[in-house]
file target.cif (mmCIF, C-alpha atoms)
data_structure
loop_
_atom_site.label_atom_id
_atom_site.label_comp_id
_atom_site.auth_asym_id
_atom_site.auth_seq_id
_atom_site.Cartn_x
_atom_site.Cartn_y
_atom_site.Cartn_z
CA MET A 1 170.81 153.96 7.95
CA ALA A 2 173.51 151.41 8.64
CA GLY A 3 174.84 153.76 11.24
CA ASP A 4 171.48 154.05 12.97
CA LYS A 5 171.46 150.39 13.70
CA VAL A 6 174.60 150.47 15.77
CA ASP A 7 174.21 153.85 17.43
CA PRO A 8 173.36 152.78 20.99
CA THR A 9 171.59 156.04 21.84
CA HIS A 10 169.52 156.24 18.71
CA GLN A 11 166.85 154.03 20.28
CA PHE A 12 166.12 156.74 22.84
CA MET A 13 165.42 159.39 20.20
CA VAL A 14 161.99 160.95 20.41
CA ASN A 15 160.55 161.48 16.95
CA LYS A 16 157.43 163.40 16.12
CA ILE A 17 154.67 161.39 14.54
CA ILE A 18 151.89 163.99 14.63
CA PRO A 19 153.24 167.49 15.31
CA ILE A 20 151.07 169.38 17.77
CA GLU A 21 151.93 172.81 19.09
CA ILE A 22 149.85 174.64 21.65
CA GLY A 23 150.80 178.15 22.68
CA GLY A 24 154.30 177.79 21.36
CA VAL A 25 154.92 174.60 23.38
CA ASP A 26 155.59 171.37 21.54
CA PHE A 27 153.01 168.74 22.52
CA SER A 28 153.60 166.52 19.48
CA PHE A 29 152.42 162.95 19.43
CA THR A 30 155.79 161.23 19.29
CA ASN A 31 157.01 157.65 19.28
CA ALA A 32 157.32 158.04 23.07
CA SER A 33 153.65 159.02 23.21
CA LEU A 34 152.78 156.11 20.95
CA PHE A 35 154.41 153.63 23.30
CA MET A 36 152.86 155.25 26.35
CA VAL A 37 149.49 154.69 24.73
CA ALA A 38 150.58 151.18 23.74
CA THR A 39 151.52 150.52 27.38
CA LEU A 40 148.12 151.75 28.47
CA VAL A 41 146.34 149.61 25.89
CA VAL A 42 148.38 146.46 26.50
CA ALA A 43 148.31 146.60 30.29
CA ALA A 44 144.69 147.68 30.64
CA GLY A 45 143.60 145.36 27.84
CA PHE A 46 145.34 142.38 29.38
CA LEU A 47 143.90 143.00 32.82
CA TYR A 48 140.47 143.75 31.40
CA PHE A 49 140.08 140.83 29.03
CA THR A 50 141.71 138.16 31.16
CA THR A 51 139.27 138.89 33.96
CA SER A 52 136.19 139.37 31.77
CA LYS A 53 134.98 135.81 32.37
CA ARG A 54 135.16 136.24 36.16
CA SER A 55 135.73 132.51 36.50
CA LEU A 56 135.49 131.06 39.95
CA VAL A 57 138.34 128.75 39.05
CA PRO A 58 140.72 131.03 37.17
CA GLY A 59 142.36 130.14 33.89
CA ARG A 60 146.04 130.71 33.30
CA MET A 61 145.71 134.30 32.15
CA GLN A 62 143.17 135.24 34.79
CA SER A 63 145.57 133.83 37.38
CA VAL A 64 148.27 136.19 36.15
CA SER A 65 145.99 139.19 36.64
CA GLU A 66 144.86 137.96 40.05
CA MET A 67 148.42 137.23 41.12
CA SER A 68 149.60 140.74 40.20
CA TYR A 69 146.64 142.15 42.12
CA GLU A 70 147.37 140.09 45.22
CA PHE A 71 151.10 140.63 44.87
CA ILE A 72 150.71 144.42 45.04
CA ALA A 73 148.00 144.15 47.69
CA SER A 74 150.26 142.17 50.03
CA MET A 75 153.23 144.41 49.23
CA LEU A 76 151.25 147.51 50.15
CA ARG A 77 149.74 145.91 53.26
CA GLU A 78 153.18 144.93 54.51
CA GLY A 79 154.72 148.27 53.56
CA ALA A 80 152.09 150.72 54.69
CA GLY A 81 149.64 148.72 56.78
CA SER A 82 145.94 148.30 56.16
CA SER A 83 145.36 152.06 56.36
CA GLY A 84 147.65 152.41 53.35
CA MET A 85 145.27 150.33 51.25
CA LYS A 86 143.54 153.48 49.99
CA PHE A 87 146.62 153.91 47.78
CA PHE A 88 146.20 150.45 46.29
CA PRO A 89 144.94 151.68 42.89
CA MET A 90 147.86 154.09 42.68
CA VAL A 91 150.56 151.53 43.51
CA PHE A 92 148.93 148.90 41.32
CA SER A 93 148.69 151.31 38.38
CA LEU A 94 152.30 152.41 38.83
CA PHE A 95 153.57 148.84 39.00
CA MET A 96 151.57 147.59 36.04
CA PHE A 97 152.35 150.65 33.94
CA ILE A 98 156.10 150.55 34.59
CA LEU A 99 156.27 146.78 34.23
CA THR A 100 154.41 146.84 30.93
CA ALA A 101 156.45 149.78 29.64
CA ASN A 102 159.68 147.97 30.56
CA MET A 103 158.53 144.74 28.96
CA ILE A 104 157.36 146.45 25.78
CA GLY A 105 160.75 148.13 25.65
CA MET A 106 162.36 144.68 25.47
CA VAL A 107 160.87 144.10 22.02
CA PRO A 108 163.44 145.00 19.37
CA TYR A 109 162.82 148.36 17.65
CA PHE A 110 160.30 149.30 20.31
CA PHE A 111 160.69 152.47 22.29
CA THR A 112 161.27 152.20 26.03
CA VAL A 113 159.06 154.76 27.74
CA THR A 114 160.85 154.39 31.06
CA SER A 115 164.25 155.16 29.55
CA GLN A 116 163.25 158.83 29.49
CA ILE A 117 164.28 160.64 32.66
CA ILE A 118 161.34 163.02 32.39
CA VAL A 119 158.88 160.12 32.47
CA THR A 120 160.40 158.41 35.49
CA PHE A 121 160.85 161.76 37.22
CA ALA A 122 157.21 162.63 36.63
CA LEU A 123 156.15 159.26 38.09
CA ALA A 124 158.45 159.77 41.09
CA LEU A 125 157.09 163.29 41.63
CA PHE A 126 153.59 161.86 41.47
CA VAL A 127 154.51 159.48 44.30
CA ILE A 128 156.28 162.07 46.44
CA GLY A 129 153.58 164.64 45.70
CA THR A 130 150.96 162.17 46.89
CA VAL A 131 152.99 161.52 50.05
CA LEU A 132 153.32 165.23 50.78
CA VAL A 133 149.74 166.17 50.00
CA TYR A 134 148.21 163.24 51.89
CA GLY A 135 150.68 163.58 54.77
CA PHE A 136 149.95 167.24 55.38
CA TYR A 137 146.23 166.82 54.70
CA LYS A 138 145.92 163.95 57.15
CA HIS A 139 148.36 164.92 59.89
CA GLY A 140 148.83 168.66 59.40
CA LEU A 141 152.16 169.79 60.80
CA GLY A 142 152.41 166.45 62.57
CA PHE A 143 153.59 165.11 59.24
CA LEU A 144 156.91 166.84 59.98
CA ASN A 145 157.49 164.08 62.53
CA VAL A 146 158.65 162.10 59.56
CA PHE A 147 161.92 164.00 59.84
CA VAL A 148 162.31 163.32 63.56
CA PRO A 149 163.09 159.68 64.27
CA SER A 150 162.10 158.61 67.76
CA GLY A 151 164.75 157.67 70.31
CA VAL A 152 167.48 159.98 69.07
CA PRO A 153 169.47 161.87 71.76
CA GLY A 154 168.76 165.62 71.73
CA ILE A 155 172.29 166.59 70.86
CA LEU A 156 172.24 164.55 67.67
CA LEU A 157 168.78 165.72 66.68
CA PRO A 158 169.80 168.63 64.39
CA LEU A 159 172.20 166.39 62.51
CA VAL A 160 169.73 163.51 62.20
CA VAL A 161 166.90 165.81 61.17
CA SER A 162 169.01 167.46 58.48
CA ILE A 163 170.02 164.02 57.19
CA GLU A 164 166.38 162.96 57.15
CA ILE A 165 165.41 166.09 55.23
CA ILE A 166 168.15 165.54 52.67
CA SER A 167 167.16 161.89 52.31
CA PHE A 168 163.52 162.89 51.86
CA LEU A 169 164.41 165.45 49.22
CA SER A 170 166.60 163.01 47.35
CA ARG A 171 163.81 160.44 47.17
CA PRO A 172 162.23 161.64 43.94
CA ILE A 173 165.66 161.85 42.35
CA SER A 174 166.79 158.40 43.47
CA LEU A 175 163.42 156.88 42.63
CA SER A 176 163.40 158.30 39.11
CA VAL A 177 167.10 157.94 38.32
CA ARG A 178 167.16 154.32 39.48
CA LEU A 179 164.47 153.26 37.02
CA PHE A 180 165.70 155.50 34.23
CA ALA A 181 169.37 154.53 34.55
CA ASN A 182 168.65 150.83 34.77
CA MET A 183 166.56 150.83 31.64
CA LEU A 184 168.91 153.13 29.79
CA ALA A 185 172.09 151.29 30.71
CA GLY A 186 170.60 147.90 29.99
CA HIS A 187 169.40 148.91 26.57
CA ILE A 188 172.67 150.61 25.69
CA THR A 189 174.64 147.54 26.76
CA LEU A 190 172.39 145.29 24.71
CA LYS A 191 172.76 147.56 21.71
CA VAL A 192 176.56 147.73 22.04
CA PHE A 193 176.95 143.96 22.23
CA ALA A 194 174.46 143.44 19.41
CA GLY A 195 176.43 146.05 17.46
CA PHE A 196 179.62 144.01 17.97
CA VAL A 197 177.88 141.02 16.44
CA ALA A 198 176.89 143.01 13.38
CA SER A 199 180.22 144.74 12.86
CA LEU A 200 182.31 141.60 13.48
CA GLY A 201 180.05 139.72 11.07
CA THR A 202 181.21 141.95 8.24
CA LEU A 203 184.89 141.05 8.79
CA GLY A 204 184.82 137.67 7.04
CA ALA A 205 185.08 134.17 8.43
CA LEU A 206 187.26 135.06 11.41
CA GLY A 207 184.94 137.90 12.30
CA ILE A 208 181.90 135.64 12.15
CA GLY A 209 183.65 133.19 14.48
CA GLY A 210 184.51 136.05 16.80
CA ALA A 211 180.95 137.36 16.69
CA VAL A 212 179.75 134.27 18.56
CA LEU A 213 181.03 135.65 21.86
CA PRO A 214 179.10 138.94 21.79
CA LEU A 215 176.11 137.00 20.47
CA ILE A 216 176.15 134.76 23.54
CA MET A 217 176.58 137.88 25.64
CA THR A 218 173.61 139.52 23.93
CA VAL A 219 171.41 136.52 24.61
CA ALA A 220 172.49 136.39 28.26
CA LEU A 221 172.00 140.14 28.65
CA THR A 222 168.53 139.90 27.14
CA GLY A 223 167.61 137.43 29.87
CA LEU A 224 169.13 139.73 32.46
CA GLU A 225 167.25 142.70 31.04
CA PHE A 226 163.94 140.91 31.41
CA LEU A 227 164.82 140.35 35.06
CA VAL A 228 165.80 144.00 35.44
CA ALA A 229 162.61 145.11 33.71
CA PHE A 230 160.55 143.23 36.30
CA LEU A 231 162.83 144.08 39.20
CA GLN A 232 162.80 147.82 38.57
CA ALA A 233 159.02 147.87 38.41
CA TYR A 234 159.00 145.89 41.67
CA VAL A 235 161.53 148.19 43.32
CA PHE A 236 159.58 151.25 42.24
CA ALA A 237 156.41 149.79 43.72
CA VAL A 238 158.11 148.71 46.97
CA LEU A 239 159.68 152.12 47.49
CA THR A 240 156.34 153.75 46.71
CA CYS A 241 154.81 151.62 49.47
CA MET A 242 157.55 152.65 51.90
CA TYR A 243 157.15 156.35 51.12
CA LEU A 244 153.38 156.07 51.42
CA ASN A 245 153.94 154.50 54.82
CA ASP A 246 155.51 157.79 55.88
CA ALA A 247 152.41 159.63 54.75
CA VAL A 248 150.14 157.25 56.64
CA HIS A 249 152.24 156.86 59.80
CA PRO A 250 154.59 159.88 60.00
CA GLY A 251 156.05 159.09 63.44
CA GLY A 252 156.30 155.35 62.98
CA HIS A 253 159.93 154.81 62.08
CA MET B 1 165.92 169.35 34.35
CA PHE B 2 168.87 168.29 36.42
CA VAL B 3 171.19 168.24 33.49
CA THR B 4 173.66 170.98 32.98
CA ALA B 5 174.85 171.65 29.50
CA ALA B 6 178.29 170.34 30.41
CA TYR B 7 176.91 167.05 31.67
CA ALA B 8 174.76 166.65 28.61
CA GLN B 9 177.80 167.36 26.52
CA SER B 10 179.92 164.77 28.34
CA THR B 11 177.14 162.22 28.05
CA THR B 12 177.02 162.80 24.35
CA THR B 13 180.76 162.33 24.14
CA GLU B 14 180.47 159.12 26.11
CA GLY B 15 177.70 157.93 23.88
CA ALA B 16 179.78 158.77 20.86
CA GLU B 17 182.76 156.90 22.31
CA THR B 18 180.74 153.81 23.01
CA HIS B 19 179.41 154.10 19.57
CA ASP B 20 182.91 154.60 18.27
CA ALA B 21 184.01 151.38 19.90
CA ALA B 22 180.99 149.62 18.54
CA ALA B 23 181.35 150.65 14.92
CA GLY B 24 184.20 152.90 14.11
CA GLU B 25 183.75 153.84 10.51
CA VAL B 26 180.11 154.83 10.72
CA HIS B 27 180.69 157.37 13.46
CA THR B 28 180.58 160.50 11.43
CA GLU B 29 177.65 159.34 9.45
CA THR B 30 175.65 158.61 12.59
CA GLY B 31 176.82 161.80 14.14
CA VAL B 32 175.42 163.70 11.25
CA ALA B 33 172.19 161.77 11.29
CA HIS B 34 171.96 162.35 15.01
CA GLU B 35 172.46 166.07 14.71
CA GLY B 36 170.26 166.38 11.71
CA GLY B 37 167.54 164.12 13.09
CA HIS B 38 166.99 166.14 16.19
CA GLY B 39 168.45 169.48 15.69
CA SER B 40 170.45 169.34 18.92
CA GLY B 41 173.45 167.35 20.02
CA VAL B 42 172.17 166.38 23.48
CA PHE B 43 171.74 162.83 24.64
CA PRO B 44 168.12 162.03 23.67
CA PRO B 45 166.71 161.36 27.18
CA PHE B 46 168.07 164.74 28.34
CA ASP B 47 166.67 166.65 25.40
CA SER B 48 164.39 169.11 27.17
CA SER B 49 162.56 170.05 23.97
CA THR B 50 160.66 166.74 24.18
CA PHE B 51 159.76 167.10 27.86
CA ALA B 52 156.49 168.99 27.45
CA SER B 53 155.11 166.50 24.96
CA GLN B 54 156.24 163.52 27.03
CA LEU B 55 154.72 164.94 30.19
CA LEU B 56 151.42 165.63 28.45
CA TRP B 57 151.16 162.19 26.92
CA LEU B 58 152.32 160.50 30.10
CA ALA B 59 149.65 162.38 32.01
CA ILE B 60 147.05 161.34 29.45
CA SER B 61 148.03 157.68 29.22
CA PHE B 62 148.89 157.12 32.87
CA GLY B 63 145.84 159.10 33.99
CA LEU B 64 143.62 157.01 31.78
CA PHE B 65 145.34 153.85 32.97
CA TYR B 66 144.84 154.88 36.58
CA LEU B 67 141.17 155.57 35.95
CA LEU B 68 140.67 152.24 34.20
CA MET B 69 142.46 150.41 36.99
CA SER B 70 140.66 152.09 39.89
CA LYS B 71 137.18 152.16 38.30
CA VAL B 72 137.03 148.98 36.23
CA VAL B 73 139.79 146.44 36.60
CA MET B 74 140.56 146.52 40.30
CA PRO B 75 136.94 146.37 41.53
CA ARG B 76 136.46 143.49 39.13
CA ILE B 77 139.50 141.50 40.32
CA GLY B 78 138.66 142.34 43.92
CA GLY B 79 135.14 141.11 43.28
CA ILE B 80 136.40 137.89 41.74
CA LEU B 81 138.67 137.23 44.70
CA GLU B 82 135.95 138.09 47.19
CA THR B 83 133.41 135.87 45.45
CA ARG B 84 135.95 133.07 45.46
CA SER B 85 136.77 133.37 49.15
CA ASP B 86 133.04 133.64 49.96
CA THR B 87 132.34 130.54 47.89
CA ILE B 88 135.16 128.65 49.54
CA ALA B 89 133.99 129.68 53.00
CA ARG B 90 130.43 128.70 52.16
CA ASP B 91 131.54 125.38 50.72
CA LEU B 92 133.61 124.69 53.80
CA ASP B 93 130.59 125.51 55.96
CA ASP B 94 128.45 123.20 53.88
CA ALA B 95 131.06 120.50 54.13
CA SER B 96 131.33 120.76 57.91
CA ARG B 97 127.54 120.81 58.21
CA SER B 98 127.28 117.74 55.98
CA LYS B 99 129.96 116.07 58.05
CA ALA B 100 128.01 116.79 61.24
CA GLU B 101 124.90 115.39 59.61
CA ALA B 102 126.77 112.32 58.50
CA ASP B 103 128.18 111.88 62.00
CA ALA B 104 124.71 112.19 63.47
CA ALA B 105 123.38 109.70 60.95
CA ILE B 106 126.18 107.29 61.81
CA ALA B 107 125.45 107.67 65.53
CA ALA B 108 121.73 107.08 64.93
CA TYR B 109 122.56 104.08 62.81
CA GLU B 110 124.84 102.65 65.50
CA GLN B 111 122.13 103.19 68.10
CA GLU B 112 119.51 101.59 65.87
CA LEU B 113 121.82 98.69 65.22
CA ALA B 114 122.47 98.14 68.90
CA ALA B 115 118.75 98.27 69.66
CA ALA B 116 117.99 95.85 66.86
CA ARG B 117 120.69 93.52 68.07
CA ALA B 118 119.31 93.61 71.61
CA ARG B 119 115.80 92.99 70.31
CA GLY B 120 117.06 90.11 68.22
CA ASN B 121 118.79 88.61 71.22
CA ALA B 122 115.62 88.92 73.26
CA ILE B 123 113.52 87.29 70.56
CA ALA B 124 116.04 84.50 70.19
CA SER B 125 116.22 83.81 73.92
CA THR B 126 112.41 83.80 74.35
CA ALA B 127 112.14 81.47 71.39
CA ARG B 128 114.78 79.25 72.91
CA GLU B 129 112.97 79.25 76.27
CA ALA B 130 109.65 78.44 74.62
CA ALA B 131 111.19 75.65 72.62
CA LYS B 132 112.83 74.26 75.72
CA THR B 133 109.64 74.26 77.78
CA LYS B 134 107.66 72.78 74.91
CA ALA B 135 110.25 70.05 74.49
CA ALA B 136 110.18 69.33 78.21
CA ALA B 137 106.38 69.17 78.20
CA ASP B 138 106.37 66.86 75.18
CA ARG B 139 108.91 64.60 76.77
CA SER B 140 107.01 64.34 80.04
CA ALA B 141 103.79 63.62 78.11
CA VAL B 142 105.50 60.92 76.10
CA GLU B 143 107.08 59.49 79.24
CA ALA B 144 103.72 59.42 81.01
CA SER B 145 102.02 57.64 78.13
CA LEU B 146 104.92 55.18 77.96
CA ASN B 147 104.67 54.55 81.68
CA ASP B 148 100.95 53.91 81.32
CA LYS B 149 101.58 51.44 78.52
CA ILE B 150 104.31 49.74 80.54
CA SER B 151 102.14 49.37 83.60
CA ALA B 152 99.22 48.09 81.45
CA ALA B 153 101.54 45.57 79.83
CA GLU B 154 102.87 44.53 83.22
CA ALA B 155 99.30 44.05 84.53
CA ARG B 156 98.38 41.94 81.55
CA ILE B 157 101.53 39.85 81.95
CA ALA B 158 100.68 39.33 85.62
CA GLY B 159 97.09 38.25 84.70
CA ILE B 160 98.32 35.86 82.05
CA LYS B 161 100.88 34.50 84.50
CA ALA B 162 98.21 33.96 87.17
CA THR B 163 95.84 32.17 84.76
CA ALA B 164 98.73 30.10 83.50
CA LEU B 165 99.70 29.16 87.02
CA ALA B 166 96.08 28.28 87.82
CA ASP B 167 95.89 26.08 84.72
CA VAL B 168 99.11 24.39 85.80
CA GLY B 169 97.31 23.18 89.07
CA ALA B 170 94.33 21.76 87.13
CA ILE B 171 96.55 20.00 84.64
CA ALA B 172 98.67 18.59 87.43
CA GLU B 173 95.54 17.32 89.21
CA GLU B 174 94.20 15.66 86.04
CA THR B 175 97.56 14.20 85.23
CA ALA B 176 98.00 13.00 88.79
CA SER B 177 94.52 11.32 88.87
CA ALA B 178 95.21 9.71 85.46
CA VAL B 179 98.63 8.51 86.66
CA VAL B 180 97.16 7.20 89.88
CA GLU B 181 94.32 5.37 87.99
CA GLN B 182 96.84 3.77 85.64
CA LEU B 183 99.21 2.76 88.45
CA ILE B 184 96.85 1.77 91.16
CA GLY B 185 93.64 1.21 89.25
CA GLY B 186 91.36 2.64 91.82
CA LYS B 187 89.65 5.96 92.15
CA VAL B 188 91.12 8.63 94.25
CA SER B 189 88.96 11.53 95.28
CA LYS B 190 89.53 14.79 93.68
CA ALA B 191 90.06 16.55 96.95
CA GLU B 192 92.87 14.24 97.92
CA ILE B 193 94.65 14.72 94.65
CA ALA B 194 94.31 18.50 94.82
CA THR B 195 95.75 18.50 98.28
CA ALA B 196 98.59 16.28 97.17
CA VAL B 197 99.33 18.47 94.10
CA LYS B 198 99.32 21.57 96.20
CA ALA B 199 101.65 20.00 98.68
CA SER B 200 104.12 18.88 96.01
CA ALA B 201 103.94 22.28 94.22
CA LYS B 202 105.17 23.97 97.35
#

call {"tool": "encode", "arguments": {"input": "target.cif", "output": "structure tokens"}}
result
Amino acid sequence: MAGDKVDPTHQFMVNKIIPIEIGGVDFSFTNASLFMVATLVVAAGFLYFTTSKRSLVPGRMQSVSEMSYEFIASMLREGAGSSGMKFFPMVFSLFMFILTANMIGMVPYFFTVTSQIIVTFALALFVIGTVLVYGFYKHGLGFLNVFVPSGVPGILLPLVVSIEIISFLSRPISLSVRLFANMLAGHITLKVFAGFVASLGTLGALGIGGAVLPLIMTVALTGLEFLVAFLQAYVFAVLTCMYLNDAVHPGGH
Amino acid sequence: MFVTAAYAQSTTTEGAETHDAAAGEVHTETGVAHEGGHGSGVFPPFDSSTFASQLLWLAISFGLFYLLMSKVVMPRIGGILETRSDTIARDLDDASRSKAEADAAIAAYEQELAAARARGNAIASTAREAAKTKAAADRSAVEASLNDKISAAEARIAGIKATALADVGAIAEETASAVVEQLIGGKVSKAEIATAVKASAK
């Protein structure tokens, strides 16, 4: 068990809590599932109960909920225009879910849902899938204009279009890997520095003195990680808005 | 999904190295626990055996979250914000209407005040005029009565003076006849004496 505490990747292990198997596929309720549900409960519960009074003059907590609402609303309006506002519930849900998952992951011994590539990739595919489905549904083949920037000389067009296609295809990967890698790397770094503190602490007086440095580092990194946890949720939401803009206005580069 | 076996392997090695640096002597122990705990040596996030379960539970929790957000929470927050902006707009309207009313009331008050002041001035000036004319009338009445009294007094003085002067002639005549009787001893006629007195009085 002593080893578990300093293994920086152990925290990303998915352990079965209730084994479920359907048709030979493992759908077990795991610690990852538990924290997904916890994210749902915490985020939805916070937003639900802080706004339950519907005060005209908001209290502190109600202000937080209203601010996140208006924050995402203005982000989406700037990113995708007023016609993009039909995606408001989607962007808001994504932002709140990722933010809450990241923040819950900052609690020691808690599992970080967003440090699993499959989770972030699924969320990114959800975004890109929405863009594709809505884009083709709304504009038909005109959605392909998204690959043809206006004002490009004809001779460069094949090159530019192929670059645009590659960039479009890499979007789900970059969107998911960015969030995943940030959370993963941050948590590993924290664990490594915290591990230094523990292992140096066992080396006697000199070791305890030396452990102060990684301890300071751990504290500083924890602060940084909170920033990253917010920032990655923000970045995910901003990029979602930008991609949705393509679905709403395909030619409008 | 995007992870080749080789990459997963190298990631594991990296993880193990980091771990090695972190706590050397427990490496093997952890390694064993790691292998035993999961049955495969891959880096946990790239362990595809957990993908199906994670996707299912993500779909369930995020789907539920999305539903709650779009059906319950967001309409509610939107409603709160809308009610607030409506209330603020209405209050501002009320305030500007009240201000207009207050302005109108102030204007009416000013007008009323000016009218009252003008009326006051008029009343004051008529009162002043009336007082002045009454004073003038009183004075002339007093003056007239004084003049009457003066002229009556003057007339009486003149009467008294005339009687006095007349008495002076009689006394002078008597005195003159008595003086003449004493000096001369004879009688002088009254007419002579009167003539003489009149002549000397001139």

call {"tool": "atom_distance", "arguments": {"input": "target.cif", "atom1": "atom CA of B:Val142", "atom2": "atom CA of B:Glu154"}}
result
18.1 Å

call {"tool": "interface_residues", "arguments": {"input": "target.cif", "of": "chain A", "to": "chain B", "cutoff": "6 Å", "atoms": "only C-alpha atoms", "output": "PyMOL selection string"}}
result
chain A and resi 3+7+12-13+26-28+33+37+40+48+54+56+89+93+116+192+195-196

call {"tool": "write_last_selection", "arguments": {"input": "target.cif", "atoms": "C-alpha atoms", "output": "compact mmCIF listing (two decimals), keeping the file's coordinate frame"}}
result
# COMPACT_ATOMS: atom_id res chain seq x y z
CA GLY A 3 174.84 153.76 11.24
CA ASP A 7 174.21 153.85 17.43
CA PHE A 12 166.12 156.74 22.84
CA MET A 13 165.42 159.39 20.20
CA ASP A 26 155.59 171.37 21.54
CA PHE A 27 153.01 168.74 22.52
CA SER A 28 153.60 166.52 19.48
CA SER A 33 153.65 159.02 23.21
CA VAL A 37 149.49 154.69 24.73
CA LEU A 40 148.12 151.75 28.47
CA TYR A 48 140.47 143.75 31.40
CA ARG A 54 135.16 136.24 36.16
CA LEU A 56 135.49 131.06 39.95
CA PRO A 89 144.94 151.68 42.89
CA SER A 93 148.69 151.31 38.38
CA GLN A 116 163.25 158.83 29.49
CA VAL A 192 176.56 147.73 22.04
CA GLY A 195 176.43 146.05 17.46
CA PHE A 196 179.62 144.01 17.97

call {"tool": "resolve_selection", "arguments": {"input": "target.cif", "expression": "the PyMOL selection byres ((chain A and resi 234-240) around 8)", "output": "compact mmCIF listing (two decimals) with C-alpha atoms, in the coordinates of the input"}}
result
# COMPACT_ATOMS: atom_id res chain seq x y z
CA ILE A 72 150.71 144.42 45.04
CA MET A 75 153.23 144.41 49.23
CA LEU A 76 151.25 147.51 50.15
CA GLY A 79 154.72 148.27 53.56
CA VAL A 91 150.56 151.53 43.51
CA PHE A 92 148.93 148.90 41.32
CA LEU A 94 152.30 152.41 38.83
CA PHE A 95 153.57 148.84 39.00
CA LEU A 99 156.27 146.78 34.23
CA VAL A 127 154.51 159.48 44.30
CA LEU A 175 163.42 156.88 42.63
CA LEU A 179 164.47 153.26 37.02
CA PHE A 230 160.55 143.23 36.30
CA LEU A 231 162.83 144.08 39.20
CA GLN A 232 162.80 147.82 38.57
CA ALA A 233 159.02 147.87 38.41
CA CYS A 241 154.81 151.62 49.47
CA MET A 242 157.55 152.65 51.90
CA TYR A 243 157.15 156.35 51.12
CA LEU A 244 153.38 156.07 51.42

call {"tool": "atom_distance", "arguments": {"input": "target.cif", "atom1": "atom CA of B:Ala191", "atom2": "atom CA of B:Glu174"}}
result
11.7 Å

call {"tool": "atom_distance", "arguments": {"input": "target.cif", "atom1": "atom CA of A:Tyr137", "atom2": "atom CA of A:Val177"}}
result
28.0 Å

call {"tool": "closest_residue", "arguments": {"input": "target.cif", "among": "A:Gly84, A:Pro149, A:Gly186, A:Gly223", "to": "A:Val131", "atoms": "all atoms listed in the file"}}
result
A:Gly84

call {"tool": "decode", "arguments": {"input": "target.cif", "residues": "stretch 94-105 of chain B", "atoms": "N, CA and C atoms", "output": "mmCIF file, in the first residue's frame"}}
result
data_model
loop_
_atom_site.group_PDB
_atom_site.id
_atom_site.type_symbol
_atom_site.label_atom_id
_atom_site.label_comp_id
_atom_site.auth_asym_id
_atom_site.auth_seq_id
_atom_site.Cartn_x
_atom_site.Cartn_y
_atom_site.Cartn_z
ATOM 1 N N ASP B 94 -40.913 53.704 -13.927
ATOM 2 C CA ASP B 94 -41.629 54.332 -12.811
ATOM 3 C C ASP B 94 -40.889 55.560 -12.326
ATOM 4 N N ALA B 95 -39.571 55.394 -12.199
ATOM 5 C CA ALA B 95 -38.770 56.495 -11.681
ATOM 6 C C ALA B 95 -38.852 57.703 -12.601
ATOM 7 N N SER B 96 -38.751 57.437 -13.945
ATOM 8 C CA SER B 96 -38.769 58.590 -14.852
ATOM 9 C C SER B 96 -40.156 59.230 -14.864
ATOM 10 N N ARG B 97 -41.214 58.346 -14.730
ATOM 11 C CA ARG B 97 -42.554 58.916 -14.686
ATOM 12 C C ARG B 97 -42.728 59.772 -13.420
ATOM 13 N N SER B 98 -42.239 59.234 -12.301
ATOM 14 C CA SER B 98 -42.335 59.987 -11.044
ATOM 15 C C SER B 98 -41.576 61.296 -11.146
ATOM 16 N N LYS B 99 -40.433 61.231 -11.829
ATOM 17 C CA LYS B 99 -39.633 62.448 -11.974
ATOM 18 C C LYS B 99 -40.399 63.481 -12.799
ATOM 19 N N ALA B 100 -41.048 62.999 -13.891
ATOM 20 C CA ALA B 100 -41.847 63.912 -14.708
ATOM 21 C C ALA B 100 -42.957 64.531 -13.885
ATOM 22 N N GLU B 101 -43.599 63.652 -13.062
ATOM 23 C CA GLU B 101 -44.676 64.171 -12.214
ATOM 24 C C GLU B 101 -44.158 65.216 -11.240
ATOM 25 N N ALA B 102 -43.014 64.898 -10.662
ATOM 26 C CA ALA B 102 -42.421 65.840 -9.704
ATOM 27 C C ALA B 102 -42.080 67.154 -10.387
ATOM 28 N N ASP B 103 -41.527 67.041 -11.614
ATOM 29 C CA ASP B 103 -41.191 68.260 -12.369
ATOM 30 C C ASP B 103 -42.450 69.081 -12.631
ATOM 31 N N ALA B 104 -43.508 68.367 -13.042
ATOM 32 C CA ALA B 104 -44.769 69.069 -13.312
ATOM 33 C C ALA B 104 -45.276 69.746 -12.041
ATOM 34 N N ALA B 105 -45.190 69.003 -10.938
ATOM 35 C CA ALA B 105 -45.659 69.566 -9.671
ATOM 36 C C ALA B 105 -44.847 70.801 -9.296
#
